[in-house]
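J.: This is the structure I have questions about; it appears just below.
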Amino acid sequence: MKLKQYIVLAALAMQSIQFSHAQQKSLVVDVNTSTAKVDPNMWGVFFEDINMGADGGIYAELIKNRSFEFFRPMMGWKNLGAVREGNYLILNRQLNSEANPRYLRVLKESTDKQPIGLRNEGFRGMGVKQGNTYEFSLWYRQKSPGITVRVELVDSQGAVIGKSELKPSQNNNQWQYQEVSFTSSKTDHKATLQVWFDGDGSIDLDMISLFPTDTWKGRKKGLRADMVQTLADLKPGFIRFPGGCIVEGFDLSQRFQWKKTVGPIESRQLIVNRWNTEFAHRLTPDYFQTSGLGFYEYFLLAEDLGAEPLPILNCGMACQFNTGEVVPLDQLDEYVQDALDLIEFANGSVNSTWGKLRADMGHPAPFNLKMLGVGNENWGPQYVERLKVFQDALKKYHPEIKIIASSGTDPEGARFDYLDKELRAMNIDIIDEHFYRNPEWFLSNAKRYDKYDRTGPKIFAGEYASHSKNNKKPEYRNNWEAALSEAAFLTGVERNADVVQLASYAPLFAHIDGWQWTPDLIWVDNLNVFVTPSYHVQKMYSTNKGTDVVPLLRDGKMLAGEDNLYGSAVVDKNTKELVLKIINTGESQEILNIDLKGIKKSSGEAEVSVLQHDDPLAHNEVGQAPSVSPINSKVNYKGKKLPYTLKAKSVNLIKIKL
């Protein structure tokens, strides 16, 4: 090679090296400097019966309108056979059973030569599995003995795939419970149940029910195991329930009342779900709440998940977007008493009224309730004056319970500013902030909590979701653009863990055939669960929360959007790990050189988990292999320097043993 060519090549190589170094971004993480303690329950889940989240979702009942209490008593049921006038009659016990007044009377006479029956369509069909056992049950009262109940599970093509028979016993005209089981010979997403009445006689029926036996923890009449497992995989620190707007109700007569959701299932009161007619484009006239998933089951679920229970109660106000109905202040005692009685139900002695009910339901030990929400997305002076009544009573009788109060529907504006000022003046324990905004808002608000008052109330980021408008199909709105912006925003939440004590995405579940609101964290059909890119982001945070926030800086500044980089770091003193979360929202990759300041090891191996996609509209198609899911690998480092390349549009989780 000629000398001149060598010099040119050497110069070009030197330029390439200099260019490479110029592109590197140096970060410093100091593992020995704790800037905030992370609440061990910081990352949780928010549950609301929206999008068929409870009935038709996590509550495993397969029969729709099992007690004939819908506005149209036979909704969900269809006549089978030669049914004539008088074979079926809906009766109403009224004051004799206010919680469950209606029942069905079946009259079959010798002149009825052919069988008659009923078909129940389930919640958008019934998802059944081959080889799985199903438990059919009902309450009955014989007026005139002689009828046998024959049960058939029918697939979507009309073939019988499971059957059994129930022979009512002589019972002197008293209500009686009976159950039978059978096995499905086929898997089908859209099965139905047929109930035939053979013989002659008269029988009254109520609470006609069908449950799979493979429920969560095998509990009779329990929850869908696959949906609960998806929550368990998040290792949530808390579960907020039962909502959401259903707490408020369209008006106060339809508000959620916890006392009507406990005790024997057959004695719980059904109410219309407020999402029944909320959206004209998604009318759901068959959306009701059976209360089979009631407050006892919510507390039990929280215990199963190792999560703190966080119930929200009505404050004496209906939804302000609907009726805005309020209870006069001098009539608020009933609502306040509900709060005091709920604490007794959760924590009280078995010798107390409500503690005894908890024990009678199967849980003598207390549930150790520590937090209670008063109101959901309520605002204005009318909310503040009612909240003060609750605060006075709760602080007097239960000062150990932290009160969570609403900051309204929006994260800024006149409503928010008014409530933020008033709640801080009241010294409320925790302020519940909600933000449903576009991806740009989440990216630009990564510094939101940096300047919050460190001595004032803590913050509950109670409902958040990035709303991408780039896709029309509902489940596509849970796209990568949305999840990436959420991940960036959450670095600011984690970095300010001394201010933000709790955080949860909302809504949680959506049934592909029965949704009202999008986007949602987890999509389901009658048999399967499909997690979104946002779910994977939440899981990265909730399962890697650490114990202490430590600085992650570039040129002495936090990573909060400069050059499209966002980041936070925590140390877990229990597992002795450093956990970095670094997000690149840009169009090109970034080369990092991370200085592991304070780490004792001079070399080692980092565990890496990456969420990435070049297409911002990428999503996980329901029923298909996911487009966005974590990719795990390992990266070596030497001399306490970790070289790392951030791919474009990526969320990066880096874990290093200390």
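In the structure tokens, chains take letters A, B, ... by order of appearance, with residues numbered from 1 within each chain and ligands from 1 in the order shown.
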Any chance you could tabulate, as a Markdown table, the residues of range 164-261 of chain A at most 12 Å from range 526-544 of chain A with each one's nearest atom pair and distance in Å to one decimal, using only C-alpha atoms, in chain and rising number order?

T.:
```
| residue | atom | partner | partner_atom | distance |
| --- | --- | --- | --- | --- |
| A:Thr187 | CA | A:Leu527 | CA | 9.2 |
| A:Asp188 | CA | A:Leu527 | CA | 8.5 |
| A:His189 | CA | A:Asn526 | CA | 5.8 |
| A:Lys190 | CA | A:Asn526 | CA | 7.8 |
| A:Ala191 | CA | A:Asn526 | CA | 9.9 |
| A:Pro212 | CA | A:Leu527 | CA | 11.5 |
| A:Arg224 | CA | A:Leu527 | CA | 9.3 |
| A:Ala225 | CA | A:Val529 | CA | 10.5 |
| A:Asp226 | CA | A:Val529 | CA | 7.0 |
| A:Met227 | CA | A:Val529 | CA | 6.6 |
| A:Val228 | CA | A:Val529 | CA | 10.1 |
| A:Gln229 | CA | A:Val529 | CA | 9.9 |
| A:Thr230 | CA | A:Val529 | CA | 8.0 |
| A:Leu231 | CA | A:Lys539 | CA | 9.7 |
| A:Ala232 | CA | A:Lys539 | CA | 10.4 |
| A:Asp233 | CA | A:Lys539 | CA | 7.8 |
| A:Leu234 | CA | A:Lys539 | CA | 5.3 |
| A:Lys235 | CA | A:Thr543 | CA | 6.1 |
| A:Pro236 | CA | A:Ser542 | CA | 6.5 |
| A:Gly237 | CA | A:Ser542 | CA | 8.0 |
| A:Phe238 | CA | A:Ser542 | CA | 10.7 |
```

J.: With range 558-562 of chain A as the partner and 9 Å as the cut-off, tabulate the residues of range 399-480 of chain A that qualify, each row holding the nearest pair of atoms and their distance in Å to one decimal, using only C-alpha atoms, sorted by chain and rising number, as a Markdown table.

T.:
```
| residue | atom | partner | partner_atom | distance |
| --- | --- | --- | --- | --- |
| A:Leu443 | CA | A:Gly561 | CA | 7.2 |
| A:Ser444 | CA | A:Gly561 | CA | 7.6 |
| A:Asn445 | CA | A:Ala560 | CA | 8.8 |
| A:Ala446 | CA | A:Ala560 | CA | 5.9 |
| A:Lys447 | CA | A:Ala560 | CA | 6.5 |
```

J.: Looking only at the backbone, which of the residues in range 249-391 of chain A does DSSP tag as helix (DSSP H, G or I), as a ChimeraX atom specification?

T.: /A:252-254,258-261,265-267,280-282,295-305,329-331,333-347,353-360,381-391

J.: Considering only C-alpha atoms, state which residue in the set A:Asn479, A:Gln501, A:Ser466, A:Ser34 is at the smallest distance from Asp572 in chain A.

T.: A:Ser34

J.: Counting only C-alpha atoms, figure out which residue out of A:Leu521, A:Leu107, A:Leu223, A:Val262 gets nearest to Gly57 in chain A.

T.: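 Of the candidates, the smallest distance to Gly57 in chain A is held by A:Leu223.
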
J.: Between CA of Trp196 in chain A and CA of Asn100 in chain A, what is the distance, to one decimal in Å?

T.: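 Computing the Euclidean distance for CA of Trp196 in chain A and CA of Asn100 in chain A yields 23.6 Å.
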
J.: Within 8 Å of Ala465 in chain A, counting only C-alpha atoms, which residues qualify if same-chain residues fewer than 3 places away don't, as number ranges by chain?

T.: A: 435-437, 482, 486, 505-506, 519-520

J.: How many Å separate CA of Ser504 in chain A from CA of Tyr464 in chain A?

T.: 6.9 Å

J.: Show me, as a VMD selection string, the residues that have an atom within 8 Å of Lys64 in chain A when counting only C-alpha atoms, minus same-chain residues fewer than 3 positions from it.

T.: chain A and resid 61 76 120 to 123

J.: Generate the output file for the selected residues, N, CA and C atoms, as a compact mmCIF listing (two decimals), in the first residue's frame.

T.:
```txt
# COMPACT_ATOMS: atom_id res chain seq x y z
N GLU A 61 -69.23 -17.37 36.07
CA GLU A 61 -70.60 -17.77 35.76
C GLU A 61 -70.83 -17.74 34.24
N GLY A 76 -81.78 -13.23 27.47
CA GLY A 76 -80.77 -14.28 27.52
C GLY A 76 -81.33 -15.67 27.39
N ASN A 120 -80.15 -20.91 27.21
CA ASN A 120 -79.46 -19.69 27.65
C ASN A 120 -78.25 -19.46 26.76
N GLU A 121 -78.13 -18.24 26.26
CA GLU A 121 -77.08 -17.92 25.29
C GLU A 121 -75.74 -17.60 25.93
N GLY A 122 -75.72 -17.41 27.24
CA GLY A 122 -74.47 -17.04 27.89
C GLY A 122 -74.07 -15.61 27.58
N PHE A 123 -72.84 -15.26 27.92
CA PHE A 123 -72.31 -13.92 27.67
C PHE A 123 -71.55 -13.96 26.36
```

J.: If we count only C-alpha atoms and set the cut-off at 10 Å, which residues sit around Asp286 in chain A, ignoring sequence neighbours fewer than 6 positions away in its own chain? Please answer as a ChimeraX atom specification.

T.: /A:64-65,70-72,75-76,123,272-273,276-277

J.: Kindly give the distance, in Å, that separates CA of Ser97 in chain A and CA of Leu62 in chain A, rounded to a single decimal.

T.: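 One can read the CA of Ser97 in chain A to CA of Leu62 in chain A distance as 24.1 Å.
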
J.: Between A:Ile147, A:Leu193, A:Val635, A:Leu423, single out the one closest to Gln391 in chain A, counting only C-alpha atoms.

T.: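 Under the stated criterion, the closest residue is A:Leu423.
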
J.: For range 314-325 of chain A, find every residue with an atom within 7 Å (counting only C-alpha atoms), except residues of its own chain fewer than 6 positions away, and show them as a PyMOL selection string.

T.: chain A and resi 245+247-252+332+335+374-375+386-387

J.: What lies within 8 Å of Phe136 in chain A using only C-alpha atoms, ignoring chain neighbours under 5 positions off, as a PyMOL selection string?

T.: chain A and resi 179-181+208-211

J.: Looking at only C-alpha atoms, which of A:Leu565, A:Val549, A:Leu394, A:Val106 is the one that sits closest to Tyr140 in chain A?

T.: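 Looking at the shortest contact to Tyr140 in chain A, the residue is A:Val106.
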